>>> print(open('query_12.cif').read())   # mmCIF, C-alpha atoms
data_start
#
loop_
_atom_site.group_PDB
_atom_site.id
_atom_site.type_symbol
_atom_site.label_atom_id
_atom_site.label_comp_id
_atom_site.auth_asym_id
_atom_site.auth_seq_id
_atom_site.Cartn_x
_atom_site.Cartn_y
_atom_site.Cartn_z
ATOM 1 C CA MET A 43 -14.605 0.606 6.494
ATOM 2 C CA SER A 44 -15.848 -1.449 9.421
ATOM 3 C CA VAL A 45 -19.578 -1.901 9.751
ATOM 4 C CA LEU A 46 -19.144 -1.734 13.518
ATOM 5 C CA PRO A 47 -19.456 1.636 15.264
ATOM 6 C CA VAL A 48 -15.882 2.923 15.441
ATOM 7 C CA ASN A 49 -15.588 6.559 16.507
ATOM 8 C CA PRO A 50 -14.633 8.557 19.608
ATOM 9 C CA ALA A 51 -18.174 8.350 21.006
ATOM 10 C CA THR A 52 -18.307 4.527 20.955
ATOM 11 C CA PRO A 53 -15.789 3.125 23.486
ATOM 12 C CA TRP A 54 -15.202 -0.638 23.392
ATOM 13 C CA LEU A 55 -14.779 -3.213 26.143
ATOM 14 C CA ALA A 56 -11.690 -5.362 25.642
ATOM 15 C CA PRO A 57 -11.639 -9.173 25.684
ATOM 16 C CA LEU A 58 -10.660 -9.818 29.317
ATOM 17 C CA ALA A 59 -9.741 -13.433 30.009
ATOM 18 C CA GLY A 60 -11.776 -14.678 32.950
ATOM 19 C CA PHE A 61 -13.826 -11.504 33.304
ATOM 20 C CA SER A 62 -15.591 -10.160 30.187
ATOM 21 C CA ASP A 63 -18.408 -12.690 30.421
ATOM 22 C CA LEU A 64 -22.053 -11.917 29.724
ATOM 23 C CA PRO A 65 -22.973 -10.387 33.119
ATOM 24 C CA PHE A 66 -19.912 -8.126 33.135
ATOM 25 C CA ARG A 67 -20.502 -7.066 29.520
ATOM 26 C CA LEU A 68 -24.116 -6.174 30.276
ATOM 27 C CA LEU A 69 -23.036 -4.074 33.248
ATOM 28 C CA CYS A 70 -20.532 -2.169 31.088
ATOM 29 C CA ARG A 71 -23.161 -1.676 28.386
ATOM 30 C CA GLU A 72 -25.500 -0.175 30.966
ATOM 31 C CA PHE A 73 -22.865 2.482 31.584
ATOM 32 C CA GLY A 74 -22.299 3.276 27.908
ATOM 33 C CA CYS A 75 -20.056 0.594 26.436
ATOM 34 C CA GLN A 76 -20.970 0.521 22.736
ATOM 35 C CA VAL A 77 -19.096 -2.581 21.520
ATOM 36 C CA ALA A 78 -17.970 -5.500 23.673
ATOM 37 C CA CYS A 79 -15.650 -8.429 23.027
ATOM 38 C CA THR A 80 -15.891 -11.928 24.419
ATOM 39 C CA GLU A 81 -13.078 -13.538 26.311
ATOM 40 C CA MET A 82 -10.622 -15.334 24.037
ATOM 41 C CA VAL A 83 -12.173 -18.380 22.395
ATOM 42 C CA SER A 84 -10.001 -21.290 21.319
ATOM 43 C CA ALA A 85 -10.786 -22.110 17.682
ATOM 44 C CA LYS A 86 -9.992 -25.764 18.347
ATOM 45 C CA GLY A 87 -12.053 -25.781 21.526
ATOM 46 C CA LEU A 88 -14.977 -24.395 19.577
ATOM 47 C CA LEU A 89 -14.725 -27.081 16.896
ATOM 48 C CA TYR A 90 -14.416 -29.828 19.515
ATOM 49 C CA GLY A 91 -17.433 -28.495 21.423
ATOM 50 C CA SER A 92 -15.781 -27.807 24.793
ATOM 51 C CA GLN A 93 -18.098 -26.692 27.605
ATOM 52 C CA GLY A 94 -15.792 -23.819 28.510
ATOM 53 C CA THR A 95 -16.117 -22.388 25.028
ATOM 54 C CA PHE A 96 -19.902 -22.658 25.187
ATOM 55 C CA ASP A 97 -19.896 -20.680 28.456
ATOM 56 C CA ILE A 98 -17.742 -17.920 26.963
ATOM 57 C CA LEU A 99 -20.108 -17.523 24.013
ATOM 58 C CA ARG A 100 -23.256 -17.021 26.108
ATOM 59 C CA THR A 101 -25.033 -13.878 24.954
ATOM 60 C CA CYS A 102 -28.459 -12.239 24.642
ATOM 61 C CA SER A 103 -30.255 -9.605 22.566
ATOM 62 C CA GLN A 104 -29.020 -6.747 24.798
ATOM 63 C CA ASP A 105 -25.423 -7.849 24.270
ATOM 64 C CA ASN A 106 -25.009 -6.294 20.846
ATOM 65 C CA PRO A 107 -22.877 -5.587 18.896
ATOM 66 C CA LEU A 108 -20.622 -8.361 20.141
ATOM 67 C CA VAL A 109 -17.187 -9.306 18.786
ATOM 68 C CA VAL A 110 -16.015 -12.892 19.286
ATOM 69 C CA GLN A 111 -12.265 -12.971 19.812
ATOM 70 C CA LEU A 112 -10.662 -16.155 18.495
ATOM 71 C CA TYR A 113 -7.185 -17.550 18.927
ATOM 72 C CA GLY A 114 -5.328 -20.324 17.153
ATOM 73 C CA SER A 115 -2.446 -20.903 14.776
ATOM 74 C CA GLU A 116 -3.891 -22.829 11.814
ATOM 75 C CA PRO A 117 -5.635 -21.030 8.937
ATOM 76 C CA ASP A 118 -8.075 -23.879 8.231
ATOM 77 C CA THR A 119 -9.020 -24.223 11.900
ATOM 78 C CA LEU A 120 -9.738 -20.497 12.229
ATOM 79 C CA ALA A 121 -11.726 -20.528 8.992
ATOM 80 C CA ARG A 122 -13.907 -23.422 10.168
ATOM 81 C CA ALA A 123 -14.357 -21.844 13.592
ATOM 82 C CA THR A 124 -15.462 -18.565 11.994
ATOM 83 C CA ALA A 125 -17.910 -20.397 9.726
ATOM 84 C CA LYS A 126 -19.346 -22.309 12.682
ATOM 85 C CA LEU A 127 -19.861 -19.112 14.659
ATOM 86 C CA ILE A 128 -21.618 -17.511 11.705
ATOM 87 C CA GLU A 129 -23.970 -20.504 11.610
ATOM 88 C CA GLN A 130 -24.712 -19.821 15.283
ATOM 89 C CA GLY A 131 -25.646 -16.211 14.538
ATOM 90 C CA PHE A 132 -22.437 -14.353 15.373
ATOM 91 C CA LYS A 133 -21.300 -11.661 12.933
ATOM 92 C CA TYR A 134 -18.137 -9.949 14.183
ATOM 93 C CA PHE A 135 -14.764 -11.581 14.847
ATOM 94 C CA ASP A 136 -11.326 -10.632 16.082
ATOM 95 C CA LEU A 137 -8.052 -12.566 15.899
ATOM 96 C CA ASN A 138 -5.967 -12.373 19.046
ATOM 97 C CA CYS A 139 -2.338 -11.677 18.200
ATOM 98 C CA GLY A 140 -1.440 -10.019 21.479
ATOM 99 C CA CYS A 141 -1.812 -12.523 24.334
ATOM 100 C CA SER A 142 1.617 -13.448 25.678
ATOM 101 C CA VAL A 143 0.462 -16.001 28.271
ATOM 102 C CA LYS A 144 2.731 -19.049 28.037
ATOM 103 C CA LYS A 145 0.020 -21.662 27.507
ATOM 104 C CA VAL A 146 -1.265 -19.662 24.511
ATOM 105 C CA VAL A 147 2.120 -18.760 23.046
ATOM 106 C CA ARG A 148 3.527 -22.285 23.149
ATOM 107 C CA THR A 149 0.795 -23.398 20.742
ATOM 108 C CA GLY A 150 1.950 -20.768 18.248
ATOM 109 C CA SER A 151 -1.141 -18.664 18.957
ATOM 110 C CA GLY A 152 -1.708 -15.205 20.389
ATOM 111 C CA ALA A 153 1.395 -13.017 20.401
ATOM 112 C CA ALA A 154 3.476 -15.901 19.005
ATOM 113 C CA LEU A 155 1.911 -15.099 15.616
ATOM 114 C CA LEU A 156 3.914 -11.864 15.638
ATOM 115 C CA LYS A 157 6.970 -14.078 15.045
ATOM 116 C CA THR A 158 5.344 -15.477 11.888
ATOM 117 C CA PRO A 159 3.725 -12.492 10.145
ATOM 118 C CA ASP A 160 2.972 -14.363 6.928
ATOM 119 C CA LEU A 161 1.077 -17.082 8.815
ATOM 120 C CA LEU A 162 -0.834 -14.415 10.729
ATOM 121 C CA VAL A 163 -1.936 -12.799 7.466
ATOM 122 C CA ASP A 164 -2.881 -16.190 5.984
ATOM 123 C CA ILE A 165 -5.116 -16.879 8.991
ATOM 124 C CA VAL A 166 -6.829 -13.516 8.643
ATOM 125 C CA LYS A 167 -7.408 -14.042 4.922
ATOM 126 C CA GLU A 168 -9.204 -17.310 5.668
ATOM 127 C CA MET A 169 -11.361 -15.670 8.340
ATOM 128 C CA VAL A 170 -12.223 -12.773 6.023
ATOM 129 C CA LYS A 171 -13.372 -15.236 3.343
ATOM 130 C CA GLN A 172 -15.986 -16.596 5.754
ATOM 131 C CA ALA A 173 -17.346 -13.335 7.152
ATOM 132 C CA GLU A 174 -19.163 -10.363 5.689
ATOM 133 C CA PRO A 175 -16.980 -7.436 4.530
ATOM 134 C CA GLY A 176 -15.543 -5.397 7.378
ATOM 135 C CA CYS A 177 -16.536 -7.905 10.057
ATOM 136 C CA VAL A 178 -13.077 -9.258 10.993
ATOM 137 C CA GLY A 179 -10.558 -7.330 13.062
ATOM 138 C CA VAL A 180 -7.146 -8.071 14.559
ATOM 139 C CA LYS A 181 -5.651 -7.182 17.915
ATOM 140 C CA LEU A 182 -1.898 -6.613 17.715
ATOM 141 C CA ARG A 183 1.072 -5.674 19.788
ATOM 142 C CA LEU A 184 4.097 -3.826 18.389
ATOM 143 C CA GLY A 185 5.919 -7.091 17.810
ATOM 144 C CA TRP A 186 7.357 -9.954 19.798
ATOM 145 C CA SER A 187 10.336 -7.941 21.073
ATOM 146 C CA ALA A 188 11.818 -4.477 20.688
ATOM 147 C CA SER A 189 14.211 -5.809 18.051
ATOM 148 C CA GLU A 190 11.299 -6.914 15.853
ATOM 149 C CA PRO A 191 8.645 -4.172 15.488
ATOM 150 C CA VAL A 192 6.293 -5.618 12.887
ATOM 151 C CA TYR A 193 3.057 -3.728 13.511
ATOM 152 C CA LEU A 194 3.424 -1.253 10.635
ATOM 153 C CA TYR A 195 4.309 -3.965 8.120
ATOM 154 C CA LEU A 196 1.481 -6.154 9.381
ATOM 155 C CA SER A 197 -1.058 -3.350 9.350
ATOM 156 C CA GLN A 198 -0.611 -2.802 5.613
ATOM 157 C CA GLN A 199 -0.840 -6.532 4.920
ATOM 158 C CA LEU A 200 -3.966 -6.812 7.046
ATOM 159 C CA GLU A 201 -5.598 -3.831 5.375
ATOM 160 C CA GLN A 202 -4.999 -5.465 2.001
ATOM 161 C CA ALA A 203 -6.416 -8.725 3.375
ATOM 162 C CA GLY A 204 -9.716 -6.986 4.087
ATOM 163 C CA VAL A 205 -9.835 -6.495 7.857
ATOM 164 C CA GLY A 206 -12.355 -3.982 9.133
ATOM 165 C CA TRP A 207 -10.273 -2.567 11.985
ATOM 166 C CA ILE A 208 -6.996 -2.995 13.864
ATOM 167 C CA THR A 209 -6.673 -2.744 17.634
ATOM 168 C CA LEU A 210 -3.165 -2.001 18.885
ATOM 169 C CA HIS A 211 -1.857 -2.443 22.393
ATOM 170 C CA PRO A 212 1.390 -0.512 21.937
ATOM 171 C CA ARG A 213 3.732 -2.717 23.906
ATOM 172 C CA PHE A 214 5.935 -5.584 22.742
ATOM 173 C CA ALA A 215 4.753 -9.071 23.668
ATOM 174 C CA LYS A 216 7.826 -9.730 25.826
ATOM 175 C CA GLN A 217 6.927 -6.680 27.933
ATOM 176 C CA GLY A 218 3.667 -8.164 29.138
ATOM 177 C CA PHE A 219 2.122 -5.196 30.939
ATOM 178 C CA SER A 220 5.409 -3.757 32.191
ATOM 179 C CA GLY A 221 6.755 -0.378 31.188
ATOM 180 C CA GLN A 222 4.547 2.203 29.533
ATOM 181 C CA ALA A 223 2.293 1.901 26.519
ATOM 182 C CA ASP A 224 3.792 3.749 23.545
ATOM 183 C CA TRP A 225 0.926 5.942 22.388
ATOM 184 C CA LEU A 226 3.197 7.443 19.703
ATOM 185 C CA ALA A 227 3.006 4.059 17.951
ATOM 186 C CA LEU A 228 -0.774 4.472 17.767
ATOM 187 C CA LYS A 229 -0.271 7.795 16.007
ATOM 188 C CA LYS A 230 2.153 6.182 13.547
ATOM 189 C CA LEU A 231 -0.255 3.343 12.864
ATOM 190 C CA LYS A 232 -3.143 5.721 12.230
ATOM 191 C CA ALA A 233 -1.034 7.546 9.631
ATOM 192 C CA HIS A 234 -0.076 4.223 8.046
ATOM 193 C CA VAL A 235 -3.500 2.757 7.231
ATOM 194 C CA LYS A 236 -6.921 3.913 6.076
ATOM 195 C CA ILE A 237 -8.979 1.448 8.109
ATOM 196 C CA PRO A 238 -10.077 2.317 11.672
ATOM 197 C CA VAL A 239 -7.481 2.066 14.444
ATOM 198 C CA ILE A 240 -8.563 1.328 18.010
ATOM 199 C CA GLY A 241 -6.177 2.033 20.868
ATOM 200 C CA SER A 242 -5.624 -0.023 24.002
ATOM 201 C CA GLY A 243 -3.042 0.059 26.765
ATOM 202 C CA ASP A 244 -2.772 2.152 29.948
ATOM 203 C CA LEU A 245 -6.312 3.511 29.650
ATOM 204 C CA PHE A 246 -6.985 3.344 33.373
ATOM 205 C CA THR A 247 -9.351 6.308 33.568
ATOM 206 C CA ALA A 248 -11.825 8.072 31.321
ATOM 207 C CA ARG A 249 -9.376 10.967 31.091
ATOM 208 C CA ASP A 250 -6.678 8.575 29.859
ATOM 209 C CA GLY A 251 -9.012 7.499 27.065
ATOM 210 C CA LEU A 252 -9.736 11.043 25.958
ATOM 211 C CA ASN A 253 -6.062 12.039 26.164
ATOM 212 C CA CYS A 254 -5.100 9.032 24.058
ATOM 213 C CA LEU A 255 -7.601 9.976 21.366
ATOM 214 C CA LYS A 256 -6.510 13.601 21.273
ATOM 215 C CA SER A 257 -2.780 12.885 21.197
ATOM 216 C CA THR A 258 -2.865 10.114 18.577
ATOM 217 C CA GLY A 259 -5.770 10.897 16.249
ATOM 218 C CA ILE A 260 -6.947 7.267 16.352
ATOM 219 C CA ASP A 261 -10.568 6.372 15.705
ATOM 220 C CA ASP A 262 -11.631 4.760 18.976
ATOM 221 C CA ILE A 263 -10.449 3.349 22.290
ATOM 222 C CA MET A 264 -10.816 0.036 24.076
ATOM 223 C CA PHE A 265 -10.943 -0.068 27.882
ATOM 224 C CA ALA A 266 -9.444 -3.145 29.541
ATOM 225 C CA ARG A 267 -7.975 -2.906 33.051
ATOM 226 C CA GLY A 268 -9.672 0.471 33.444
ATOM 227 C CA ALA A 269 -13.065 -1.223 33.023
ATOM 228 C CA LEU A 270 -12.167 -3.958 35.504
ATOM 229 C CA ASN A 271 -11.392 -1.337 38.112
ATOM 230 C CA ASP A 272 -14.456 0.749 37.248
ATOM 231 C CA PRO A 273 -17.183 -0.486 34.865
ATOM 232 C CA SER A 274 -18.655 3.035 34.973
ATOM 233 C CA ILE A 275 -15.549 4.263 33.107
ATOM 234 C CA PHE A 276 -17.699 4.320 29.963
ATOM 235 C CA LEU A 277 -20.178 6.732 31.572
ATOM 236 C CA ARG A 278 -17.340 8.930 32.824
ATOM 237 C CA TYR A 279 -15.785 8.949 29.375
ATOM 238 C CA HIS A 280 -19.080 10.045 27.797
ATOM 239 C CA CYS A 281 -19.411 12.780 30.420
ATOM 240 C CA LEU A 282 -15.970 14.107 29.470
ATOM 241 C CA ILE A 283 -16.810 14.141 25.760
ATOM 242 C CA GLU A 284 -20.151 15.857 26.378
ATOM 243 C CA ASN A 285 -18.724 18.225 29.016
ATOM 244 C CA LYS A 286 -21.092 16.910 31.677
ATOM 245 C CA LYS A 287 -20.503 16.285 35.357
ATOM 246 C CA ALA A 288 -19.915 12.617 36.199
ATOM 247 C CA PRO A 289 -21.435 11.074 39.333
ATOM 248 C CA PRO A 290 -19.139 10.927 42.372
ATOM 249 C CA GLU A 291 -17.304 7.648 42.924
ATOM 250 C CA ASP A 292 -18.533 7.454 46.501
ATOM 251 C CA GLY A 293 -20.058 4.618 48.496
ATOM 252 C CA PRO A 294 -23.674 5.062 47.373
ATOM 253 C CA PHE A 295 -22.731 5.081 43.683
ATOM 254 C CA LEU A 296 -20.302 2.158 43.937
ATOM 255 C CA ALA A 297 -22.646 0.058 46.075
ATOM 256 C CA THR A 298 -25.455 0.543 43.554
ATOM 257 C CA MET A 299 -23.172 -0.385 40.644
ATOM 258 C CA ILE A 300 -21.810 -3.473 42.393
ATOM 259 C CA LEU A 301 -25.288 -4.585 43.438
ATOM 260 C CA LYS A 302 -26.338 -4.398 39.779
ATOM 261 C CA MET A 303 -23.411 -6.617 38.902
ATOM 262 C CA ALA A 304 -24.260 -9.061 41.704
ATOM 263 C CA ASN A 305 -27.862 -9.272 40.484
ATOM 264 C CA LEU A 306 -26.670 -9.984 36.930
ATOM 265 C CA TYR A 307 -24.420 -12.784 38.139
ATOM 266 C CA GLN A 308 -27.095 -14.313 40.358
ATOM 267 C CA GLU A 309 -29.559 -14.182 37.484
ATOM 268 C CA MET A 310 -27.206 -15.751 34.933
ATOM 269 C CA ASP A 311 -24.654 -17.710 36.943
ATOM 270 C CA SER A 312 -25.320 -18.109 40.658
ATOM 271 C CA SER A 313 -22.574 -20.725 40.990
ATOM 272 C CA ARG A 314 -19.674 -20.607 43.393
ATOM 273 C CA ARG A 315 -17.489 -19.575 40.462
ATOM 274 C CA ALA A 316 -19.477 -16.358 40.000
ATOM 275 C CA LEU A 317 -19.136 -15.457 43.680
ATOM 276 C CA LEU A 318 -15.384 -16.037 43.489
ATOM 277 C CA LYS A 319 -15.263 -13.678 40.516
ATOM 278 C CA MET A 320 -17.076 -11.029 42.551
ATOM 279 C CA ARG A 321 -14.523 -11.498 45.322
ATOM 280 C CA THR A 322 -11.833 -10.570 42.797
ATOM 281 C CA LEU A 323 -13.632 -7.689 41.094
ATOM 282 C CA VAL A 324 -15.269 -5.806 43.956
ATOM 283 C CA PRO A 325 -12.072 -5.053 45.936
ATOM 284 C CA LYS A 326 -10.673 -3.350 42.812
ATOM 285 C CA MET A 327 -13.787 -1.209 42.507
ATOM 286 C CA ILE A 328 -13.806 0.126 46.073
ATOM 287 C CA ARG A 329 -10.036 0.503 46.468
ATOM 288 C CA ASP A 330 -10.142 4.330 46.694
ATOM 289 C CA LEU A 331 -12.953 4.614 49.236
ATOM 290 C CA PRO A 332 -12.039 5.916 52.704
ATOM 291 C CA GLY A 333 -11.445 2.960 55.032
ATOM 292 C CA ALA A 334 -11.703 0.480 52.170
ATOM 293 C CA LYS A 335 -8.794 -1.677 53.346
ATOM 294 C CA PHE A 336 -10.843 -3.541 55.959
ATOM 295 C CA LEU A 337 -13.779 -4.047 53.600
ATOM 296 C CA ARG A 338 -11.467 -5.304 50.851
ATOM 297 C CA ASN A 339 -9.988 -7.877 53.194
ATOM 298 C CA GLU A 340 -13.465 -9.017 54.183
ATOM 299 C CA LEU A 341 -14.529 -9.233 50.533
ATOM 300 C CA THR A 342 -11.725 -11.665 49.750
ATOM 301 C CA ARG A 343 -13.284 -14.021 52.334
ATOM 302 C CA CYS A 344 -16.898 -13.410 51.295
ATOM 303 C CA SER A 345 -18.703 -16.758 51.612
ATOM 304 C CA SER A 346 -22.203 -16.105 50.236
ATOM 305 C CA TRP A 347 -24.295 -13.682 48.216
ATOM 306 C CA SER A 348 -26.039 -12.536 51.397
ATOM 307 C CA HIS A 349 -22.628 -11.834 52.961
ATOM 308 C CA LEU A 350 -21.728 -9.755 49.890
ATOM 309 C CA GLU A 351 -24.945 -7.760 50.199
ATOM 310 C CA GLU A 352 -24.213 -7.096 53.868
ATOM 311 C CA ILE A 353 -20.762 -5.740 52.960
ATOM 312 C CA LEU A 354 -22.291 -3.564 50.239
ATOM 313 C CA SER A 355 -24.698 -2.071 52.764
ATOM 314 C CA ARG A 356 -21.628 -0.769 54.592
ATOM 315 C CA VAL A 357 -20.068 0.492 51.365
ATOM 316 C CA GLN A 358 -23.346 2.335 50.735
ATOM 317 C CA GLY A 359 -22.755 4.507 53.780
ATOM 318 C CA ILE A 360 -19.292 5.754 52.768
ATOM 319 C CA LYS A 361 -19.457 9.318 51.452
ATOM 320 C CA TYR A 362 -16.781 11.913 50.803
ATOM 321 C CA ASP A 363 -16.663 14.939 53.055
#
>>> encode(input="query_12.cif", output="structure tokens")
Amino acid sequence: MSVLPVNPATPWLAPLAGFSDLPFRLLCREFGCQVACTEMVSAKGLLYGSQGTFDILRTCSQDNPLVVQLYGSEPDTLARATAKLIEQGFKYFDLNCGCSVKKVVRTGSGAALLKTPDLLVDIVKEMVKQAEPGCVGVKLRLGWSASEPVYLYLSQQLEQAGVGWITLHPRFAKQGFSGQADWLALKKLKAHVKIPVIGSGDLFTARDGLNCLKSTGIDDIMFARGALNDPSIFLRYHCLIENKKAPPEDGPFLATMILKMANLYQEMDSSRRALLKMRTLVPKMIRDLPGAKFLRNELTRCSSWSHLEEILSRVQGIKYD
């Protein structure tokens, strides 16, 4: 059994390439995210000391528990990367076997490992040897293509290898994010293993998360694109579970949430890069507000933090009738 909190009341934040950095994780935690994952970390990049890897691994005492998601294709490299992270104070690790981005797949990493199940299991065994019991998980897809569903076979092998949990995004790698996530596969996986199963895929709202849990019987859920669109999805999910009324997603609430995020970024990374990230995130968060189209267009051209605050002052005034 995983030593991490894995149960319906502890929703996770997925590893979101380019977005689940420290400020964003802290914002999600403020709204009730219980466990967060880093962006994908290259095992080789970690061993070679790349600056990008160092930035991804930035954390603090409030950012806990934290799962470092690693990717790579060589058992020894992943073992050494895990050992190095343990030396740095990290405890929980996840192997990415679901990313189908070309630059990852062509190295034999990410979802490409679904084509070589035995190698995937060998990598996990080496990671498990380095970590404490129950502290290594794996994120899977159903398989590389519809003709090769390997997730049930792999899940048994991984359970025997000593993983603490399995996260399944129930699509095939070749699908990317097209089509519909097959929640029935989550139900099958849960019946197939004794270790905790975490579900991901098409959890765009808090209600989606609760429906997924109820229909599959899995142990926990992981919000990805749903959290990008609304970091307060964790709060809304908790309100559903506890039968409480969630705050309205109106201008005052959204402006306050976004201002918190802006303050976190300015405190931890006031660079141009952080502002560009805000220009990508904020339009997603206000997309359903009345008259949001004009504000979204202006946000994509936002040139300074003061300009962002001025736009948020206008968002603040948007209320539902």
>>> resolve_selection(input="query_12.cif", expression="the PyMOL selection byres ((chain A and resi 203) around 9)", output="mmCIF file with C-alpha atoms, keeping the file's coordinate frame")
data_model
loop_
_atom_site.group_PDB
_atom_site.id
_atom_site.type_symbol
_atom_site.label_atom_id
_atom_site.label_comp_id
_atom_site.auth_asym_id
_atom_site.auth_seq_id
_atom_site.Cartn_x
_atom_site.Cartn_y
_atom_site.Cartn_z
ATOM 1 C CA VAL A 163 -1.936 -12.799 7.466
ATOM 2 C CA ASP A 164 -2.881 -16.190 5.984
ATOM 3 C CA VAL A 166 -6.829 -13.516 8.643
ATOM 4 C CA LYS A 167 -7.408 -14.042 4.922
ATOM 5 C CA VAL A 170 -12.223 -12.773 6.023
ATOM 6 C CA GLN A 198 -0.611 -2.802 5.613
ATOM 7 C CA GLN A 199 -0.840 -6.532 4.920
ATOM 8 C CA LEU A 200 -3.966 -6.812 7.046
ATOM 9 C CA GLU A 201 -5.598 -3.831 5.375
ATOM 10 C CA GLN A 202 -4.999 -5.465 2.001
ATOM 11 C CA GLY A 204 -9.716 -6.986 4.087
ATOM 12 C CA VAL A 205 -9.835 -6.495 7.857
#
>>> closest_atom_pairs(input="query_12.cif", of="region 60-165 of chain A", to="region 266-272 of chain A", cutoff="10 Å", atoms="all atoms listed in the file", output="CSV")
residue,atom,partner,partner_atom,distance
A:Phe61,CA,A:Leu270,CA,8.0
A:Ser62,CA,A:Leu270,CA,8.9
A:Phe66,CA,A:Leu270,CA,9.1
A:Cys70,CA,A:Ala269,CA,7.8
A:Cys75,CA,A:Ala269,CA,9.8
>>> resolve_selection(input="query_12.cif", expression="the PyMOL selection byres ((chain A and resi 354) around 10)", output="list of chain:residue names")
A:Gly293, A:Pro294, A:Leu296, A:Ala297, A:Thr298, A:Ile300, A:Leu301, A:Val324, A:Leu337, A:Leu341, A:Ser348, A:His349, A:Leu350, A:Glu351, A:Glu352, A:Ile353, A:Ser355, A:Arg356, A:Val357, A:Gln358, A:Gly359
>>> atom_distance(input="query_12.cif", atom1="CA of Asp160 (chain A)", atom2="CA of Lys86 (chain A)")
20.7 Å
>>> resolve_selection(input="query_12.cif", expression="the PyMOL selection byres ((chain A and resi 125-137) around 6)", output="PyMOL selection string")
chain A and resi 109-113+122-124+138+172+177-180
>>> closest_atom_pairs(input="query_12.cif", of="region 166-219 of chain A", to="region 254-265 of chain A", cutoff="12 Å", atoms="all atoms listed in the file", output="CSV")
residue,atom,partner,partner_atom,distance
A:Lys181,CA,A:Met264,CA,10.8
A:Trp207,CA,A:Asp261,CA,9.7
A:Ile208,CA,A:Asp261,CA,10.2
A:Thr209,CA,A:Met264,CA,8.1
A:Leu210,CA,A:Met264,CA,9.5
A:His211,CA,A:Met264,CA,9.4
A:Pro212,CA,A:Cys254,CA,11.7
>>> atom_distance(input="query_12.cif", atom1="CA of Ala173 (chain A)", atom2="CA of Thr158 (chain A)")
23.3 Å
